[in-house]
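What follows is a short report on a single structure.
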Amino acid sequence: MPALNYDDKQMFEWWLNCYGVKGFCGLCGQSGIIHTEVVSPGGVPCGGYFFCPCPNGQKMHELLGEDRPNESIIAQYKKHRESQK
Ligand SMILES: [Zn+2]
């Protein structure tokens, strides 16, 4: 799946209006990665690591050319999160 195209002003406005907090991303905290541990109503675990729809996440998605964050990116994300505790 290709990265979102932020030349598309509508998509950028959607992200900003829904998830922008003081100019920062309220989903990923500017890390570009979202980590969820959710389970569907039917009991299927469907969480994981995802690129955020914000400009940071989409630029990472574009540069890495992968649909999901790889193990190296996930390790960096975990290290970043640990440093915030
Ligand atoms: Zn984000």
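Letters for chains follow the order of the structure tokens (A, B, ...), residue numbers begin at 1 for each chain, and ligand numbers begin at 1 in the order shown.
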(message) Can you work out which residues are within 7 Å of ligand 1, considering only C-alpha atoms and all ligand atoms, and then hand them over as a VMD selection string?
(response) chain A and resid 25 to 33 52 to 57
(request) Select from region 1-63 of chain A everything DSSP, run on the backbone, classes as helix (DSSP H, G or I), then give the selection as a PyMOL selection string. (result) chain A and resi 9-19+55-63
(request) Go through A:Gln58, A:Gly23, A:Ser83, A:Ser40 and flag the residue nearest Asp7 (chain A), using only C-alpha atoms for the distances. (result)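 The closest residue to Asp7 (chain A) is A:Gln58.
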